[in-house]
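Here is target_33.tsv, consisting of TSV, C-alpha atoms and all ligand atoms:
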```tsv
chain	number	residue	atom	x	y	z
A	1	MET	CA	-18.62	-67.78	-35.74
A	2	ARG	CA	-14.82	-68.29	-35.45
A	3	TYR	CA	-14.33	-64.69	-36.59
A	4	ARG	CA	-16.63	-63.40	-33.85
A	5	VAL	CA	-14.87	-65.59	-31.27
A	6	PHE	CA	-11.42	-64.13	-32.03
A	7	ARG	CA	-12.54	-60.47	-32.28
A	8	PRO	CA	-12.78	-59.60	-28.53
A	9	PRO	CA	-9.15	-60.69	-27.77
A	10	TYR	CA	-7.83	-58.48	-30.62
A	11	CYS	CA	-9.74	-55.46	-29.26
A	12	TYR	CA	-8.42	-56.26	-25.82
A	13	ARG	CA	-4.83	-56.44	-27.08
A	14	TRP	CA	-5.14	-53.13	-28.91
A	15	GLY	CA	-6.62	-51.58	-25.75
A	16	VAL	CA	-3.75	-52.85	-23.63
A	17	LEU	CA	-1.21	-51.61	-26.17
A	18	ILE	CA	-2.71	-48.09	-26.30
A	19	LEU	CA	-3.04	-47.95	-22.52
A	20	SER	CA	0.61	-49.04	-22.16
A	21	VAL	CA	1.85	-46.35	-24.56
A	22	VAL	CA	-0.18	-43.66	-22.74
A	23	THR	CA	1.04	-44.86	-19.32
A	24	VAL	CA	4.71	-45.05	-20.31
A	25	THR	CA	4.56	-41.62	-21.96
A	26	THR	CA	2.84	-39.96	-18.99
A	27	PHE	CA	5.04	-41.45	-16.30
A	28	GLY	CA	8.18	-41.20	-18.40
A	29	VAL	CA	7.71	-37.45	-18.97
A	30	SER	CA	6.84	-36.70	-15.34
A	31	ALA	CA	9.78	-38.78	-14.10
A	32	TRP	CA	12.07	-36.87	-16.46
A	33	ARG	CA	10.75	-33.48	-15.40
A	34	SER	CA	10.44	-33.80	-11.65
A	35	PRO	CA	13.89	-34.30	-10.06
A	36	ALA	CA	15.83	-31.12	-9.41
A	37	GLU	CA	19.07	-33.08	-9.97
A	38	SER	CA	18.31	-33.27	-13.67
A	39	THR	CA	18.74	-29.49	-14.00
A	40	PRO	CA	22.25	-28.85	-15.34
A	41	ALA	CA	22.88	-25.67	-13.34
A	42	PRO	CA	23.20	-26.30	-9.57
A	43	GLN	CA	20.36	-24.70	-7.66
A	44	PRO	CA	20.70	-23.45	-4.07
A	45	VAL	CA	18.96	-25.19	-1.21
A	46	GLY	CA	15.52	-23.82	-0.46
A	47	ASN	CA	15.59	-21.65	-3.52
A	48	ALA	CA	13.43	-23.45	-6.03
A	49	ALA	CA	10.08	-22.54	-4.48
A	50	THR	CA	10.67	-18.84	-3.96
A	51	VAL	CA	13.03	-17.57	-6.64
A	52	ARG	CA	11.32	-15.42	-9.21
A	53	GLU	CA	11.73	-16.22	-12.84
A	54	THR	CA	14.52	-14.38	-14.56
A	55	PRO	CA	12.90	-11.53	-16.47
A	56	ALA	CA	13.20	-11.84	-20.22
A	57	ARG	CA	14.94	-8.49	-20.34
A	58	ASN	CA	17.73	-9.74	-18.08
A	59	THR	CA	20.75	-9.91	-20.36
A	60	GLY	CA	23.38	-9.81	-17.59
A	61	GLU	CA	24.34	-6.28	-18.62
A	62	ALA	CA	24.84	-3.86	-15.72
A	63	VAL	CA	22.06	-1.35	-15.12
A	64	ARG	CA	23.38	2.22	-15.21
A	65	ASP	CA	20.20	4.17	-15.84
A	66	THR	CA	16.88	4.97	-14.21
A	67	ALA	CA	13.85	2.87	-15.04
A	68	ARG	CA	11.85	5.94	-16.00
A	69	ASP	CA	12.91	8.28	-18.76
A	70	GLY	CA	12.99	11.96	-18.05
A	71	ARG	CA	14.48	14.00	-15.25
A	72	PHE	CA	15.00	11.22	-12.71
A	73	VAL	CA	17.90	10.01	-10.63
A	74	ALA	CA	18.30	6.72	-8.76
A	75	LEU	CA	19.92	6.96	-5.33
A	76	THR	CA	21.68	3.79	-4.17
A	77	PHE	CA	23.00	3.11	-0.66
A	78	ASP	CA	25.52	0.33	-0.08
A	79	ASP	CA	26.92	-1.80	2.74
A	80	GLY	CA	24.04	-1.45	5.21
A	81	PRO	CA	21.81	-1.90	6.97
A	82	ASP	CA	23.35	0.02	9.87
A	83	PRO	CA	21.23	1.03	12.87
A	84	ARG	CA	23.18	4.32	13.15
A	85	TYR	CA	22.52	5.52	9.61
A	86	THR	CA	19.87	3.52	7.72
A	87	PRO	CA	16.95	4.94	9.79
A	88	ARG	CA	18.30	8.48	9.26
A	89	VAL	CA	18.52	7.90	5.52
A	90	LEU	CA	14.94	6.60	5.52
A	91	ASP	CA	13.77	9.68	7.47
A	92	LEU	CA	15.44	12.03	5.02
A	93	LEU	CA	14.05	10.17	2.01
A	94	ALA	CA	10.54	10.26	3.49
A	95	LYS	CA	10.83	13.97	4.23
A	96	HIS	CA	11.58	14.64	0.56
A	97	ASP	CA	9.22	12.02	-0.82
A	98	ALA	CA	12.20	10.24	-2.38
A	99	VAL	CA	12.93	6.57	-3.02
A	100	ALA	CA	16.24	4.72	-3.13
A	101	THR	CA	17.73	1.28	-3.62
A	102	PHE	CA	19.66	-0.37	-0.77
A	103	CYS	CA	22.48	-2.80	-1.60
A	104	MET	CA	22.71	-4.77	1.62
A	105	VAL	CA	25.38	-7.07	2.96
A	106	GLY	CA	24.03	-10.42	4.13
A	107	THR	CA	25.83	-10.46	7.49
A	108	GLU	CA	24.35	-7.03	8.34
A	109	ALA	CA	20.89	-7.98	7.09
A	110	ARG	CA	21.03	-11.01	9.36
A	111	ARG	CA	22.06	-8.81	12.30
A	112	HIS	CA	19.33	-6.22	11.68
A	113	PRO	CA	16.42	-7.89	9.85
A	114	GLU	CA	14.05	-5.24	11.26
A	115	LEU	CA	15.96	-2.60	9.28
A	116	VAL	CA	15.64	-4.64	6.08
A	117	ARG	CA	11.88	-4.78	6.69
A	118	ALA	CA	11.77	-1.04	7.47
A	119	VAL	CA	13.50	-0.29	4.16
A	120	VAL	CA	10.99	-2.43	2.25
A	121	SER	CA	7.94	-1.07	4.05
A	122	ALA	CA	9.12	2.47	3.30
A	123	GLY	CA	8.74	1.60	-0.39
A	124	MET	CA	12.45	1.19	-1.12
A	125	ARG	CA	14.06	-1.55	-3.23
A	126	LEU	CA	16.60	-4.16	-2.20
A	127	CYS	CA	19.82	-5.16	-3.91
A	128	ASP	CA	21.95	-8.20	-3.07
A	129	HIS	CA	25.48	-7.06	-2.10
A	130	THR	CA	26.64	-10.62	-1.17
A	131	VAL	CA	27.05	-12.22	2.26
A	132	THR	CA	30.51	-11.01	3.33
A	133	HIS	CA	31.43	-8.22	0.89
A	134	ASP	CA	34.48	-10.01	-0.50
A	135	GLN	CA	35.93	-7.49	-2.96
A	136	ARG	CA	37.93	-10.22	-4.69
A	137	LEU	CA	34.88	-12.38	-5.26
A	138	ARG	CA	35.37	-12.53	-9.02
A	139	THR	CA	38.68	-14.36	-8.49
A	140	ARG	CA	37.05	-17.08	-6.35
A	141	GLY	CA	35.74	-20.46	-7.42
A	142	GLU	CA	32.25	-21.15	-8.71
A	143	ARG	CA	30.97	-22.55	-5.39
A	144	ARG	CA	32.22	-19.59	-3.36
A	145	ILE	CA	30.73	-17.14	-5.87
A	146	THR	CA	27.38	-18.92	-5.77
A	147	ALA	CA	27.41	-19.12	-1.96
A	148	GLU	CA	28.09	-15.37	-1.62
A	149	ILE	CA	25.51	-14.23	-4.16
A	150	VAL	CA	22.75	-16.72	-3.41
A	151	GLY	CA	23.51	-16.46	0.31
A	152	GLY	CA	23.11	-12.67	0.24
A	153	TRP	CA	19.86	-13.08	-1.65
A	154	THR	CA	18.72	-15.66	0.91
A	155	ASP	CA	19.52	-13.36	3.83
A	156	LEU	CA	17.30	-10.66	2.33
A	157	VAL	CA	14.48	-13.13	1.63
A	158	LEU	CA	14.66	-14.50	5.18
A	159	ALA	CA	14.47	-10.97	6.60
A	160	THR	CA	11.54	-9.85	4.46
A	161	GLY	CA	9.60	-12.91	3.29
A	162	ASP	CA	8.52	-13.77	-0.22
A	163	ASP	CA	7.06	-10.51	-1.37
A	164	ALA	CA	9.90	-8.01	-1.44
A	165	PRO	CA	11.44	-7.87	-4.89
A	166	ILE	CA	15.23	-8.28	-5.06
A	167	ASP	CA	15.86	-7.16	-8.60
A	168	TYR	CA	19.51	-6.16	-8.41
A	169	PHE	CA	22.93	-7.51	-7.55
A	170	ARG	CA	25.91	-5.27	-6.92
A	171	ALA	CA	29.38	-6.85	-6.72
A	172	PRO	CA	31.45	-5.74	-3.70
A	173	GLY	CA	33.63	-2.82	-4.77
A	174	GLY	CA	31.79	-2.84	-8.10
A	175	ASN	CA	34.10	-5.67	-9.19
A	176	PHE	CA	31.66	-7.35	-11.55
A	177	SER	CA	32.56	-10.21	-13.85
A	178	PRO	CA	30.59	-12.26	-16.38
A	179	ARG	CA	30.62	-15.21	-13.96
A	180	LEU	CA	29.20	-13.14	-11.10
A	181	ASN	CA	26.60	-11.62	-13.39
A	182	ALA	CA	25.57	-15.05	-14.68
A	183	VAL	CA	24.97	-16.37	-11.15
A	184	ALA	CA	22.96	-13.26	-10.28
A	185	ALA	CA	20.96	-13.54	-13.52
A	186	ARG	CA	20.03	-17.14	-12.71
A	187	HIS	CA	18.35	-15.76	-9.60
A	188	GLY	CA	16.45	-13.00	-11.35
A	189	MET	CA	18.87	-10.19	-10.45
A	190	ARG	CA	20.48	-7.68	-12.76
A	191	PRO	CA	23.95	-6.28	-12.03
A	192	LEU	CA	23.55	-2.75	-10.72
A	193	GLY	CA	26.26	-0.28	-11.67
A	194	TRP	CA	26.37	3.49	-11.15
A	195	THR	CA	27.23	6.62	-13.06
A	196	VAL	CA	27.98	9.03	-10.20
A	197	ASP	CA	30.52	7.82	-7.64
A	198	THR	CA	30.48	10.17	-4.65
A	199	ARG	CA	33.39	8.28	-3.01
A	200	ASP	CA	31.67	9.09	0.28
A	201	TRP	CA	33.36	6.04	1.87
A	202	THR	CA	36.73	7.85	1.64
A	203	LEU	CA	35.28	10.51	3.98
A	204	PRO	CA	36.14	13.46	1.71
A	205	GLY	CA	33.82	15.81	3.64
A	206	ALA	CA	30.11	16.40	3.14
A	207	GLY	CA	30.80	19.43	0.95
A	208	ARG	CA	32.90	17.39	-1.45
A	209	ILE	CA	30.19	14.68	-1.68
A	210	VAL	CA	27.60	17.34	-2.49
A	211	GLU	CA	29.84	18.95	-5.13
A	212	THR	CA	30.57	15.62	-6.83
A	213	VAL	CA	26.84	15.06	-7.35
A	214	GLN	CA	26.16	18.66	-8.36
A	215	GLN	CA	28.94	18.57	-10.95
A	216	SER	CA	28.10	15.25	-12.58
A	217	VAL	CA	24.38	14.52	-12.13
A	218	GLU	CA	22.21	14.31	-15.24
A	219	PRO	CA	18.84	12.75	-16.08
A	220	GLY	CA	19.10	8.97	-15.57
A	221	SER	CA	22.06	9.12	-13.16
A	222	VAL	CA	22.55	6.24	-10.74
A	223	ILE	CA	24.25	7.75	-7.68
A	224	LEU	CA	26.44	5.66	-5.37
A	225	LEU	CA	26.33	6.43	-1.63
A	226	HIS	CA	26.83	4.37	1.54
A	227	ASP	CA	24.65	3.91	4.62
A	228	GLY	CA	26.90	1.24	6.15
A	229	GLY	CA	30.44	-0.09	6.32
A	230	GLY	CA	31.85	2.63	8.59
A	231	ARG	CA	31.21	6.19	9.74
A	232	ARG	CA	28.62	7.74	7.46
A	233	ASP	CA	27.87	11.10	9.11
A	234	GLN	CA	29.27	12.90	6.07
A	235	THR	CA	26.91	10.99	3.80
A	236	ILE	CA	23.95	11.91	6.00
A	237	GLU	CA	25.03	15.55	6.04
A	238	ALA	CA	25.51	15.54	2.26
A	239	LEU	CA	22.11	13.90	1.73
A	240	THR	CA	20.47	16.57	3.88
A	241	ARG	CA	21.68	19.15	1.36
A	242	LEU	CA	21.43	17.07	-1.81
A	243	LEU	CA	17.79	15.98	-1.56
A	244	PRO	CA	16.37	19.54	-1.59
A	245	TRP	CA	18.95	20.63	-4.19
A	246	LEU	CA	18.03	17.80	-6.56
A	247	ALA	CA	14.32	18.59	-6.12
A	248	GLU	CA	15.01	22.27	-6.84
A	249	GLN	CA	16.76	21.22	-10.07
A	250	GLY	CA	13.57	19.45	-11.07
A	251	TYR	CA	14.80	15.92	-10.46
A	252	GLY	CA	12.46	13.15	-9.40
A	253	PHE	CA	13.67	10.04	-7.58
A	254	GLY	CA	13.24	6.60	-9.10
A	255	PHE	CA	14.65	3.11	-9.28
A	256	PRO	CA	17.35	1.80	-11.60
A	257	GLY	CA	16.11	-0.01	-14.65
B	1	ZN	ZN	29.98	-2.26	-0.90
```
Just give me the structure as structure tokens.
Amino acid sequence: MRYRVFRPPYCYRWGVLILSVVTVTTFGVSAWRSPAESTPAPQPVGNAATVRETPARNTGEAVRDTARDGRFVALTFDDGPDPRYTPRVLDLLAKHDAVATFCMVGTEARRHPELVRAVVSAGMRLCDHTVTHDQRLRTRGERRITAEIVGGWTDLVLATGDDAPIDYFRAPGGNFSPRLNAVAARHGMRPLGWTVDTRDWTLPGAGRIVETVQQSVEPGSVILLHDGGGRRDQTIEALTRLLPWLAEQGYGFGFPG
């Protein structure tokens, strides 16, 4: 009888013990996982919900090739959007059934969000070219670097919403550094280089821009052009000639990858 009297309390104690272990484990793990502050790398405000996961293939190495093998080139346009030139570039691309990647500056994207949306709805890709286009960004401190890169990314997201992919980051002036690339990689962006520099921003004349491409293009080329940052009539003129020429040479138009 004494044995049967003491048995229920023992069962009860074991039950309480097991329940306590389960409770402490469950709450302990969730408490450890939930606060953003516990993440070692600082995350930007408003970023956690929308940033896409860094692709596994993102090694921080600059992209200097087209995503598709074969006779493809990737056109890239920097420093826009600009209401004088970006719509003309889009018209020309549409006329030749071509696609391109636009490396936009945050301040301009903020000024012309409708152009950012027009670029995306035309089937083009976006690239983060920082907020203010500071060509000495790689010499700045960690906070400034993060503000410029994440801020540029944020400006593009705010203009387009959640859906438009922002797969690339291009440092102002092409002045990449491992630190810049690491910040971009944390936000799912790969550094975007180029293999054909038209130097169109030096205003060498449309003919010279065309010749530069004709002399150095090859399958997989990533071609650097500008649709913003100054007068770009020469670029537009050159593009008018280059798009049909590239098509005649059997080139298709793709994205960097
Ligand atoms: Zn630029």
Contacts of segment 137-153 of chain A at 6 Å or less, counting all atoms listed in the file, minus same-chain residues fewer than 4 places along, as a PDB file with C-alpha atoms, keeping the file's coordinate frame?
```pdb
ATOM      1  CA  GLY A 106      24.030 -10.420   4.130  1.00  0.00           C
ATOM      2  CA  ASP A 128      21.950  -8.200  -3.070  1.00  0.00           C
ATOM      3  CA  THR A 130      26.640 -10.620  -1.170  1.00  0.00           C
ATOM      4  CA  VAL A 131      27.050 -12.220   2.260  1.00  0.00           C
TER       5      VAL A 131
END
```
Using only C-alpha atoms, which protein or nucleic acid residues come within 10 Å of Gly205 of chain A? Drop anything in the same chain fewer than 3 positions from it, and give the result as a PyMOL selection string. chain A and resi 200-202+208-210+233-235+237-238
With all atoms listed in the file counted, collect every polymer residue having an atom within 7 Å of ligand ZN 1 (chain B); state the result as number ranges by chain. A: 78-79, 129, 133, 172-173
Separation of atom CA of Gly188 of chain A from atom CA of Asp162 of chain A in Å: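 About the pair atom CA of Asp162 of chain A and atom CA of Gly188 of chain A: they are 13.7 Å apart.
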My list of candidates is A:Ala100, A:Val196, A:Leu242, A:Val116. Which is closest to Phe77 of chain A when distances are computed with all atoms listed in the file?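 Closest to Phe77 of chain A, using all atoms listed in the file: A:Ala100.
Distance check against Tyr168 of chain A using only C-alpha atoms: of A:Thr240, A:Leu126, A:Ala182, A:Asp197, the minimum falls on A:Leu126.
Going from atom CA of Asp65 of chain A to atom CA of Trp194 of chain A covers 7.8 Å.
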Pick from A:Arg136, A:Asp163, A:Pro219, A:Arg199: nearest to Phe176 of chain A, with only C-alpha atoms counted?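 Closest to Phe176 of chain A of all the choices is A:Arg136.
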